[in-house]
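For reference, upload27.txt (compact mmCIF, C-alpha atoms):
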# COMPACT_ATOMS: atom_id res chain seq x y z
CA MET P 14 -11.37 12.20 1.11
CA GLY P 15 -11.30 11.97 4.91
CA THR P 16 -10.11 13.69 8.04
CA ASP P 17 -6.65 14.70 9.13
CA THR P 18 -7.36 14.07 12.80
CA PRO P 19 -7.34 10.63 14.47
CA THR P 20 -11.11 10.43 14.80
CA SER P 21 -13.94 8.44 13.27
CA GLN P 22 -17.72 8.57 13.18
CA ASP P 23 -19.55 6.27 15.58
CA ALA P 24 -22.46 4.91 13.55
CA SER P 25 -24.77 4.92 16.58
CA THR P 26 -24.16 8.48 17.74
CA GLU P 27 -22.78 10.20 14.62
CA GLN P 28 -20.26 11.87 16.93
CA PRO P 29 -16.52 11.80 16.26
CA ILE P 30 -14.51 9.31 18.32
CA HIS P 31 -10.99 10.18 19.38
CA ILE P 32 -8.81 7.10 18.95
CA ASP P 33 -6.10 6.62 21.54
CA GLN P 34 -2.58 5.96 20.23
CA ARG P 35 -2.52 2.65 22.13
CA ILE P 36 -5.41 1.45 19.94
CA PHE P 37 -3.53 2.47 16.79
CA ASP P 38 -0.52 0.50 18.05
CA LEU P 39 -2.63 -2.60 18.76
CA TYR P 40 -4.27 -2.28 15.34
CA ASP P 41 -0.83 -2.25 13.72
CA GLU P 42 0.07 -5.49 15.52
CA TYR P 43 -3.28 -7.01 14.49
CA CYS P 44 -2.88 -5.94 10.85
CA HIS P 45 0.55 -7.53 10.68
CA GLY P 46 -0.53 -10.87 12.11
CA TYR P 47 0.93 -10.57 15.61
CA MET P 48 -2.50 -11.24 17.13
CA ASP P 49 -5.85 -12.46 15.86
CA ARG P 50 -9.09 -10.45 15.80
CA ARG P 51 -10.31 -11.93 19.09
CA GLU P 52 -7.12 -10.94 20.92
CA PHE P 53 -7.15 -7.49 19.30
CA MET P 54 -10.69 -6.81 20.50
CA LYS P 55 -9.94 -8.24 23.96
CA ARG P 56 -6.90 -6.03 24.50
CA CYS P 57 -8.67 -2.96 23.14
CA GLY P 58 -11.62 -3.65 25.43
CA ALA P 59 -9.34 -3.27 28.45
CA ILE P 60 -8.73 0.39 27.54
CA THR P 61 -11.14 3.23 28.31
CA VAL P 62 -10.40 6.91 27.67
CA ALA P 63 -12.71 9.71 28.83
CA GLY P 64 -15.59 7.27 29.05
CA VAL P 65 -15.03 5.89 25.53
CA SER P 66 -14.41 2.17 25.30
CA GLY P 67 -11.33 0.96 23.48
CA LEU P 68 -13.64 -1.59 21.86
CA ALA P 69 -15.59 1.26 20.22
CA MET P 70 -12.30 2.76 19.04
CA ALA P 71 -11.24 -0.61 17.62
CA GLN P 72 -14.51 -1.02 15.74
CA ALA P 73 -14.06 2.46 14.28
CA LEU P 74 -10.66 1.47 12.90
CA LEU P 75 -11.98 -1.36 10.74
CA PRO P 76 -11.98 -0.47 7.02
CA ARG P 77 -14.95 1.10 5.24
CA TYR P 78 -14.09 0.60 1.60
CA ALA P 79 -17.35 1.80 0.06
CA GLU P 80 -16.93 5.20 1.68
CA ALA P 81 -13.28 5.47 0.63
CA GLN P 82 -13.64 5.34 -3.17
CA THR P 83 -12.32 8.53 -4.77
CA ILE P 84 -12.40 7.58 -8.48
CA SER P 85 -15.35 5.64 -9.88
CA PHE P 86 -14.64 2.54 -11.96
CA THR P 87 -16.95 4.13 -14.57
CA ASP P 88 -14.91 7.34 -14.80
CA GLU P 89 -14.64 8.30 -18.49
CA ARG P 90 -10.95 9.21 -18.11
CA ILE P 91 -9.97 5.56 -17.66
CA THR P 92 -10.73 2.03 -18.82
CA PRO P 93 -10.24 -0.50 -16.01
CA SER P 94 -10.25 -4.25 -16.61
CA TYR P 95 -9.02 -7.47 -15.01
CA VAL P 96 -6.28 -9.23 -16.93
CA THR P 97 -4.51 -12.56 -16.50
CA TYR P 98 -0.95 -13.32 -17.51
CA PRO P 99 1.70 -16.02 -17.02
CA SER P 100 3.80 -16.09 -13.86
CA GLU P 101 6.45 -18.76 -14.21
CA GLY P 102 7.90 -19.75 -10.85
CA GLY P 103 5.08 -18.06 -8.93
CA THR P 104 2.41 -19.56 -6.71
CA SER P 105 0.47 -21.25 -9.53
CA GLY P 106 2.01 -20.15 -12.83
CA GLU P 107 -0.69 -17.57 -13.54
CA MET P 108 -1.56 -14.16 -12.13
CA ARG P 109 -4.45 -11.73 -12.33
CA GLY P 110 -4.33 -7.98 -11.97
CA TYR P 111 -6.47 -4.86 -12.16
CA LEU P 112 -5.27 -2.89 -15.19
CA VAL P 113 -6.25 0.76 -15.53
CA ARG P 114 -5.62 2.34 -18.94
CA PRO P 115 -5.88 6.12 -19.34
CA ALA P 116 -8.13 7.48 -22.07
CA GLY P 117 -6.43 8.62 -25.26
CA ASP P 118 -3.55 7.35 -27.28
CA GLY P 119 -0.61 5.61 -25.65
CA PRO P 120 1.92 4.55 -24.91
CA PHE P 121 1.84 5.62 -21.27
CA PRO P 122 4.38 5.52 -18.43
CA SER P 123 3.47 2.52 -16.29
CA VAL P 124 3.18 2.03 -12.53
CA LEU P 125 2.77 -1.21 -10.62
CA VAL P 126 0.57 -0.75 -7.52
CA ILE P 127 1.32 -3.34 -4.84
CA HIS P 128 -1.18 -4.18 -2.13
CA GLU P 129 -0.79 -4.64 1.60
CA ASN P 130 -0.67 -8.02 3.35
CA ARG P 131 -4.25 -8.96 2.53
CA GLY P 132 -4.57 -9.08 -1.26
CA LEU P 133 -6.08 -6.71 -3.78
CA ASN P 134 -8.73 -4.86 -1.79
CA PRO P 135 -10.89 -1.94 -3.04
CA TYR P 136 -8.52 0.69 -1.60
CA ILE P 137 -5.63 -0.51 -3.77
CA GLU P 138 -7.88 -0.66 -6.84
CA ASP P 139 -8.82 2.95 -6.15
CA VAL P 140 -5.13 3.92 -5.98
CA ALA P 141 -4.67 2.34 -9.43
CA ARG P 142 -7.59 4.40 -10.77
CA ARG P 143 -6.12 7.58 -9.26
CA LEU P 144 -2.92 6.96 -11.21
CA GLY P 145 -4.90 6.13 -14.33
CA VAL P 146 -6.70 9.46 -14.43
CA LEU P 147 -3.30 11.16 -14.16
CA GLY P 148 -2.06 9.45 -17.31
CA PHE P 149 -0.26 6.38 -15.97
CA LEU P 150 -0.94 2.83 -17.12
CA ALA P 151 -1.47 1.19 -13.73
CA LEU P 152 -1.54 -2.49 -12.81
CA ALA P 153 -2.52 -3.69 -9.34
CA PRO P 154 -1.76 -7.44 -9.12
CA ASP P 155 -3.65 -9.67 -6.72
CA GLY P 156 -1.18 -11.94 -4.97
CA LEU P 157 -4.13 -14.03 -3.74
CA TYR P 158 -5.41 -14.82 -7.23
CA PRO P 159 -3.83 -18.29 -7.29
CA VAL P 160 -5.77 -19.18 -4.12
CA GLY P 161 -9.09 -17.67 -5.17
CA GLY P 162 -8.36 -13.94 -5.08
CA TYR P 163 -9.07 -11.30 -2.47
CA PRO P 164 -11.90 -12.87 -0.42
CA GLY P 165 -13.74 -9.62 0.35
CA ASN P 166 -12.65 -9.79 3.96
CA ASP P 167 -9.34 -8.45 5.27
CA ASP P 168 -9.02 -11.03 8.07
CA LYS P 169 -9.38 -13.91 5.62
CA GLY P 170 -7.14 -12.07 3.15
CA ARG P 171 -4.36 -11.82 5.74
CA GLU P 172 -4.67 -15.52 6.53
CA LEU P 173 -4.47 -16.47 2.86
CA GLN P 174 -1.49 -14.24 2.14
CA LYS P 175 0.39 -15.42 5.23
CA GLY P 176 -0.11 -19.01 4.10
CA LEU P 177 1.54 -18.49 0.70
CA ASP P 178 5.12 -19.34 -0.09
CA GLN P 179 6.64 -15.87 0.22
CA GLY P 180 9.33 -16.47 -2.37
CA ALA P 181 6.74 -17.53 -4.94
CA LEU P 182 4.59 -14.52 -4.04
CA THR P 183 7.51 -12.17 -4.64
CA THR P 184 8.07 -13.90 -8.00
CA ASP P 185 4.42 -13.21 -8.86
CA MET P 186 5.03 -9.51 -8.21
CA LEU P 187 8.22 -9.53 -10.29
CA ASN P 188 6.37 -11.20 -13.16
CA SER P 189 3.57 -8.64 -12.81
CA ALA P 190 6.10 -5.85 -13.13
CA ARG P 191 7.64 -7.42 -16.23
CA PHE P 192 4.20 -7.98 -17.77
CA LEU P 193 3.32 -4.32 -17.27
CA LYS P 194 6.66 -3.03 -18.56
CA ALA P 195 6.23 -5.06 -21.77
CA HIS P 196 2.52 -4.22 -22.22
CA GLU P 197 1.60 -2.79 -25.63
CA ASP P 198 0.25 0.38 -23.99
CA SER P 199 3.36 0.90 -21.84
CA SER P 200 6.14 3.29 -22.79
CA GLY P 201 8.61 0.85 -21.28
CA LYS P 202 9.30 3.15 -18.34
CA LEU P 203 8.20 1.35 -15.19
CA GLY P 204 7.61 2.65 -11.68
CA ALA P 205 6.31 0.83 -8.61
CA VAL P 206 4.43 2.03 -5.56
CA GLY P 207 3.41 -0.16 -2.64
CA PHE P 208 1.95 0.08 0.83
CA CYS P 209 2.98 -1.83 3.96
CA TRP P 210 3.83 -5.34 2.63
CA GLY P 211 3.70 -3.77 -0.82
CA GLY P 212 6.19 -1.10 0.24
CA GLY P 213 8.65 -3.77 1.27
CA THR P 214 8.00 -5.50 -2.04
CA VAL P 215 8.84 -2.31 -3.95
CA ASN P 216 12.22 -2.43 -2.21
CA LYS P 217 12.61 -6.07 -3.28
CA LEU P 218 11.74 -5.20 -6.88
CA ALA P 219 14.38 -2.47 -6.80
CA VAL P 220 16.93 -5.06 -5.67
CA HIS P 221 15.99 -7.68 -8.25
CA MET P 222 15.08 -5.60 -11.31
CA GLY P 223 18.07 -3.29 -11.58
CA ASP P 224 17.71 -0.87 -14.51
CA ASP P 225 14.38 -2.43 -15.53
CA LEU P 226 12.75 -0.43 -12.72
CA SER P 227 12.90 3.32 -13.29
CA ALA P 228 11.47 4.54 -9.97
CA GLY P 229 10.22 3.08 -6.70
CA VAL P 230 7.98 4.58 -4.01
CA PRO P 231 7.66 2.38 -0.91
CA PHE P 232 5.13 3.58 1.67
CA TYR P 233 6.13 2.37 5.17
CA GLY P 234 7.71 -0.78 3.75
CA ALA P 235 10.26 -3.12 5.29
CA ALA P 236 13.86 -2.50 4.24
CA PRO P 237 15.71 -5.11 2.18
CA GLU P 238 18.77 -6.88 3.52
CA SER P 239 21.68 -4.43 3.68
CA SER P 240 23.81 -6.82 1.63
CA GLU P 241 21.30 -6.56 -1.24
CA VAL P 242 21.05 -2.77 -1.43
CA ALA P 243 24.06 -2.42 -3.75
CA SER P 244 21.91 -4.02 -6.48
CA ILE P 245 19.44 -1.11 -6.45
CA SER P 246 19.58 1.14 -9.53
CA ALA P 247 16.17 2.81 -9.40
CA PRO P 248 15.74 6.14 -7.59
CA LEU P 249 13.66 5.64 -4.43
CA LEU P 250 11.17 7.96 -2.77
CA ILE P 251 10.75 6.51 0.72
CA GLN P 252 7.50 7.51 2.47
CA SER P 253 7.46 6.99 6.25
CA ALA P 254 5.00 7.54 9.09
CA GLU P 255 6.22 9.32 12.21
CA ASN P 256 4.56 6.85 14.61
CA ASP P 257 5.79 3.61 13.07
CA GLU P 258 8.42 2.19 15.39
CA ARG P 259 8.69 -1.22 13.71
CA ILE P 260 9.47 0.13 10.22
CA ASN P 261 11.42 3.20 11.30
CA ALA P 262 13.80 1.03 13.34
CA MET P 263 15.05 -0.41 10.03
CA TRP P 264 15.93 2.98 8.56
CA PRO P 265 19.44 3.61 9.97
CA ASP P 266 20.85 0.40 8.48
CA PHE P 267 18.91 0.92 5.23
CA GLU P 268 20.17 4.48 4.87
CA ALA P 269 23.75 3.46 5.57
CA ALA P 270 23.54 0.77 2.88
CA LEU P 271 21.99 3.22 0.39
CA LYS P 272 24.79 5.71 1.03
CA ASP P 273 27.46 3.02 0.68
CA ALA P 274 25.92 1.97 -2.64
CA GLY P 275 25.73 5.54 -3.94
CA ALA P 276 22.00 5.07 -4.49
CA THR P 277 19.63 7.89 -5.41
CA TYR P 278 16.99 8.28 -2.73
CA GLU P 279 14.99 10.71 -0.66
CA ARG P 280 12.95 10.04 2.45
CA HIS P 281 10.03 11.92 3.95
CA VAL P 282 8.63 11.35 7.44
CA TYR P 283 5.08 12.64 7.76
CA PRO P 284 4.34 14.29 11.12
CA GLY P 285 1.53 13.02 13.29
CA THR P 286 0.94 9.93 11.14
CA ASN P 287 0.64 6.22 11.85
CA HIS P 288 1.54 3.24 9.71
CA GLY P 289 -1.15 3.10 7.01
CA PHE P 290 -1.75 6.86 6.93
CA HIS P 291 -2.35 6.80 3.17
CA ASN P 292 -5.20 4.28 3.42
CA ASN P 293 -8.37 6.37 3.40
CA SER P 294 -10.65 3.49 4.38
CA THR P 295 -9.73 3.68 8.10
CA PRO P 296 -9.14 6.49 10.63
CA ARG P 297 -5.39 5.92 10.36
CA PHE P 298 -5.81 8.03 7.22
CA ASN P 299 -4.34 11.50 7.47
CA GLU P 300 -5.86 13.53 4.66
CA GLU P 301 -3.37 16.39 4.74
CA GLN P 302 -0.23 14.28 4.90
CA ALA P 303 -1.54 11.64 2.48
CA GLY P 304 -2.25 14.44 0.01
CA ILE P 305 1.31 15.73 0.31
CA ALA P 306 2.66 12.20 -0.09
CA GLU P 307 0.55 11.64 -3.21
CA GLU P 308 1.73 14.90 -4.77
CA ARG P 309 5.34 13.92 -4.16
CA THR P 310 4.73 10.44 -5.55
CA VAL P 311 3.18 11.71 -8.77
CA ALA P 312 5.90 14.34 -9.25
CA PHE P 313 8.55 11.66 -8.68
CA PHE P 314 7.01 9.38 -11.28
CA ARG P 315 6.62 12.23 -13.77
CA GLU P 316 10.31 13.07 -13.32
CA HIS P 317 11.65 9.53 -13.69
CA LEU P 318 9.16 7.92 -16.07
CA SER P 319 8.91 10.65 -18.70
If you took the structure in this file and wrote it as structure tokens, what would it be?
Amino acid sequence: MGTDTPTSQDASTEQPIHIDQRIFDLYDEYCHGYMDRREFMKRCGAITVAGVSGLAMAQALLPRYAEAQTISFTDERITPSYVTYPSEGGTSGEMRGYLVRPAGDGPFPSVLVIHENRGLNPYIEDVARRLGVLGFLALAPDGLYPVGGYPGNDDKGRELQKGLDQGALTTDMLNSARFLKAHEDSSGKLGAVGFCWGGGTVNKLAVHMGDDLSAGVPFYGAAPESSEVASISAPLLIQSAENDERINAMWPDFEAALKDAGATYERHVYPGTNHGFHNNSTPRFNEEQAGIAEERTVAFFREHLS
């Protein structure tokens, strides 16, 4: 699925490129909208390590979705399809998602798969298929559907998602969760997993859904407001990257609120990883640690959604 070292292949030389941590840090700022692509490339271009340009490192970090697919959409173990459903109070009143149904007779435990801050890209669809082949009914909603859907370009996707009313977007995710929970092929047991923005949204779902959410797995997601944590009923499996200062700075207050609320949670910090380490379309991917995180995620869902 990838490499567990912070390197990438340079298309012109076919030699692995070591990516300096400063480039990873700049990429994190770029991905989260703190600078545009031009500024990202400019600041990376000012860095050179052992004769390798930071610009080359930056180019290597950009996603390669075609190479990252692990489960084909034609896999006989699943039936994927795009579905639309109502979303009252959301961005437009209607949502679209990528639904992956396992082969065989249902009902199945269900898992909502929530994308990053750029809409439903091919990586997130692949995550839904991975869950599908393991026997989960998976739905990956596209928060950008009301404005035309994921545009096929992460930069444009980030712009579109940033421009949405964030309260309405959260409502779209809540309505997606409720649609999946009530689906005819769902057992009624609902879990949610999300990455980056989606990880923070899993935490929001846990706050707002109470007992209707049976398990939540946020990957490097922003913590909810401490005053809201007492509303969480679902067990949480919190997946964190070691080199993720922005998200990890939220943990002490989040943990204190979870303890005060008597919540059920566990947290794992994955050594040597950066924010986005589960995403196998860029060199932030850490194959070994992402594999461990996936195993824990699946075991957690099997425990709480059975």
Nearby residues (all atoms listed in the file) at most 10 Å from Gly145 in chain P, same-chain spacing under 3 positions excluded, as a VMD selection string: chain P and resid 84 90 to 93 112 to 116 121 123 to 124 139 to 142 148 to 152
Counting only C-alpha atoms, which residue out of P:Glu101, P:Asp33, P:Asp49, P:Asp273 sits closest to Val242 in chain P? P:Asp273
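For the residues P:Phe313, P:Thr183, P:Ala59, P:Glu307, ranking by smallest atom-to-atom distance to Arg143 in chain P using all atoms listed in the file places P:Glu307 first.
Nearest residue to Ile60 in chain P among P:Ile32, P:Gly289, P:Gly180, P:Glu308 is P:Ile32, counting all atoms listed in the file.
Taking only C-alpha atoms, the non-local environment of range 161-175 of chain P within 7 Å (same-chain residues fewer than 6 positions away omitted) comprises Asn130, Arg131, Gly132, Leu133, Asn134 and Asp155 of chain P.
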Residue contacts of Lys202 in chain P (7 Å, all atoms listed in the file) excluding same-chain residues fewer than 3 positions away, as a PDB file with C-alpha atoms, in the frame of the given file:
ATOM      1  CA  PRO P 122       4.380   5.520 -18.430  1.00  0.00           C
ATOM      2  CA  SER P 123       3.470   2.520 -16.290  1.00  0.00           C
ATOM      3  CA  LYS P 194       6.660  -3.030 -18.560  1.00  0.00           C
ATOM      4  CA  SER P 227      12.900   3.320 -13.290  1.00  0.00           C
ATOM      5  CA  LEU P 318       9.160   7.920 -16.070  1.00  0.00           C
TER       6      LEU P 318
END
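Using all atoms listed in the file for every distance, the candidate list P:Thr83, P:Ser189, P:Thr310, P:Ser200 yields P:Thr83 as the residue closest to Tyr136 in chain P.
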Can you patch up range 245-256 of chain P, filling it in to all heavy atoms, and show the result as an mmCIF file, in the coordinates of the input?
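Here's the written file result.cif:
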data_model
loop_
_atom_site.group_PDB
_atom_site.id
_atom_site.type_symbol
_atom_site.label_atom_id
_atom_site.label_comp_id
_atom_site.auth_asym_id
_atom_site.auth_seq_id
_atom_site.Cartn_x
_atom_site.Cartn_y
_atom_site.Cartn_z
ATOM 1 N N ILE P 245 20.498 -2.057 -6.101
ATOM 2 C CA ILE P 245 19.440 -1.110 -6.450
ATOM 3 C C ILE P 245 19.961 -0.059 -7.419
ATOM 4 O O ILE P 245 20.965 0.603 -7.157
ATOM 5 C CB ILE P 245 18.878 -0.439 -5.182
ATOM 6 C CG1 ILE P 245 18.169 -1.474 -4.310
ATOM 7 C CG2 ILE P 245 17.922 0.700 -5.543
ATOM 8 C CD1 ILE P 245 17.652 -0.933 -2.980
ATOM 9 N N SER P 246 19.267 0.090 -8.549
ATOM 10 C CA SER P 246 19.580 1.140 -9.530
ATOM 11 C C SER P 246 18.525 2.231 -9.559
ATOM 12 O O SER P 246 18.825 3.383 -9.854
ATOM 13 C CB SER P 246 19.721 0.531 -10.934
ATOM 14 O OG SER P 246 20.779 -0.389 -10.995
ATOM 15 N N ALA P 247 17.278 1.862 -9.290
ATOM 16 C CA ALA P 247 16.170 2.810 -9.400
ATOM 17 C C ALA P 247 16.227 3.869 -8.306
ATOM 18 O O ALA P 247 16.521 3.559 -7.150
ATOM 19 C CB ALA P 247 14.841 2.071 -9.316
ATOM 20 N N PRO P 248 15.923 5.122 -8.635
ATOM 21 C CA PRO P 248 15.740 6.140 -7.590
ATOM 22 C C PRO P 248 14.569 5.745 -6.694
ATOM 23 O O PRO P 248 13.562 5.220 -7.178
ATOM 24 C CB PRO P 248 15.426 7.409 -8.378
ATOM 25 C CG PRO P 248 15.863 7.139 -9.776
ATOM 26 C CD PRO P 248 15.721 5.674 -9.987
ATOM 27 N N LEU P 249 14.704 5.989 -5.395
ATOM 28 C CA LEU P 249 13.660 5.640 -4.430
ATOM 29 C C LEU P 249 13.140 6.886 -3.735
ATOM 30 O O LEU P 249 13.922 7.751 -3.326
ATOM 31 C CB LEU P 249 14.201 4.671 -3.386
ATOM 32 C CG LEU P 249 14.665 3.290 -3.862
ATOM 33 C CD1 LEU P 249 15.182 2.485 -2.665
ATOM 34 C CD2 LEU P 249 13.545 2.541 -4.569
ATOM 35 N N LEU P 250 11.831 6.949 -3.587
ATOM 36 C CA LEU P 250 11.170 7.960 -2.770
ATOM 37 C C LEU P 250 10.543 7.204 -1.605
ATOM 38 O O LEU P 250 9.545 6.494 -1.769
ATOM 39 C CB LEU P 250 10.104 8.695 -3.575
ATOM 40 C CG LEU P 250 9.216 9.674 -2.807
ATOM 41 C CD1 LEU P 250 10.034 10.822 -2.223
ATOM 42 C CD2 LEU P 250 8.115 10.227 -3.716
ATOM 43 N N ILE P 251 11.126 7.333 -0.429
ATOM 44 C CA ILE P 251 10.750 6.510 0.720
ATOM 45 C C ILE P 251 9.796 7.318 1.608
ATOM 46 O O ILE P 251 10.158 8.369 2.130
ATOM 47 C CB ILE P 251 12.010 6.070 1.491
ATOM 48 C CG1 ILE P 251 12.876 5.189 0.566
ATOM 49 C CG2 ILE P 251 11.642 5.327 2.765
ATOM 50 C CD1 ILE P 251 14.310 5.079 0.996
ATOM 51 N N GLN P 252 8.565 6.813 1.761
ATOM 52 C CA GLN P 252 7.500 7.510 2.470
ATOM 53 C C GLN P 252 7.285 6.832 3.823
ATOM 54 O O GLN P 252 6.925 5.650 3.877
ATOM 55 C CB GLN P 252 6.208 7.483 1.650
ATOM 56 C CG GLN P 252 6.371 7.889 0.184
ATOM 57 C CD GLN P 252 6.292 9.394 -0.021
ATOM 58 O OE1 GLN P 252 6.852 10.172 0.753
ATOM 59 N NE2 GLN P 252 5.623 9.822 -1.064
ATOM 60 N N SER P 253 7.492 7.570 4.913
ATOM 61 C CA SER P 253 7.460 6.990 6.250
ATOM 62 C C SER P 253 6.479 7.713 7.162
ATOM 63 O O SER P 253 6.301 8.933 7.059
ATOM 64 C CB SER P 253 8.861 7.039 6.886
ATOM 65 O OG SER P 253 9.809 6.360 6.093
ATOM 66 N N ALA P 254 5.865 6.963 8.069
ATOM 67 C CA ALA P 254 5.000 7.540 9.090
ATOM 68 C C ALA P 254 5.819 7.858 10.336
ATOM 69 O O ALA P 254 6.734 7.113 10.698
ATOM 70 C CB ALA P 254 3.875 6.566 9.439
ATOM 71 N N GLU P 255 5.476 8.945 11.010
ATOM 72 C CA GLU P 255 6.220 9.320 12.210
ATOM 73 C C GLU P 255 6.064 8.288 13.311
ATOM 74 O O GLU P 255 7.046 7.909 13.961
ATOM 75 C CB GLU P 255 5.734 10.687 12.704
ATOM 76 C CG GLU P 255 6.477 11.171 13.938
ATOM 77 C CD GLU P 255 5.999 12.527 14.428
ATOM 78 O OE1 GLU P 255 4.774 12.784 14.384
ATOM 79 O OE2 GLU P 255 6.852 13.328 14.848
ATOM 80 N N ASN P 256 4.839 7.791 13.521
ATOM 81 C CA ASN P 256 4.560 6.850 14.610
ATOM 82 C C ASN P 256 4.529 5.429 14.053
ATOM 83 O O ASN P 256 3.481 4.807 13.939
ATOM 84 C CB ASN P 256 3.229 7.203 15.281
ATOM 85 C CG ASN P 256 3.209 8.611 15.820
ATOM 86 O OD1 ASN P 256 4.177 9.058 16.438
ATOM 87 N ND2 ASN P 256 2.126 9.335 15.571
#
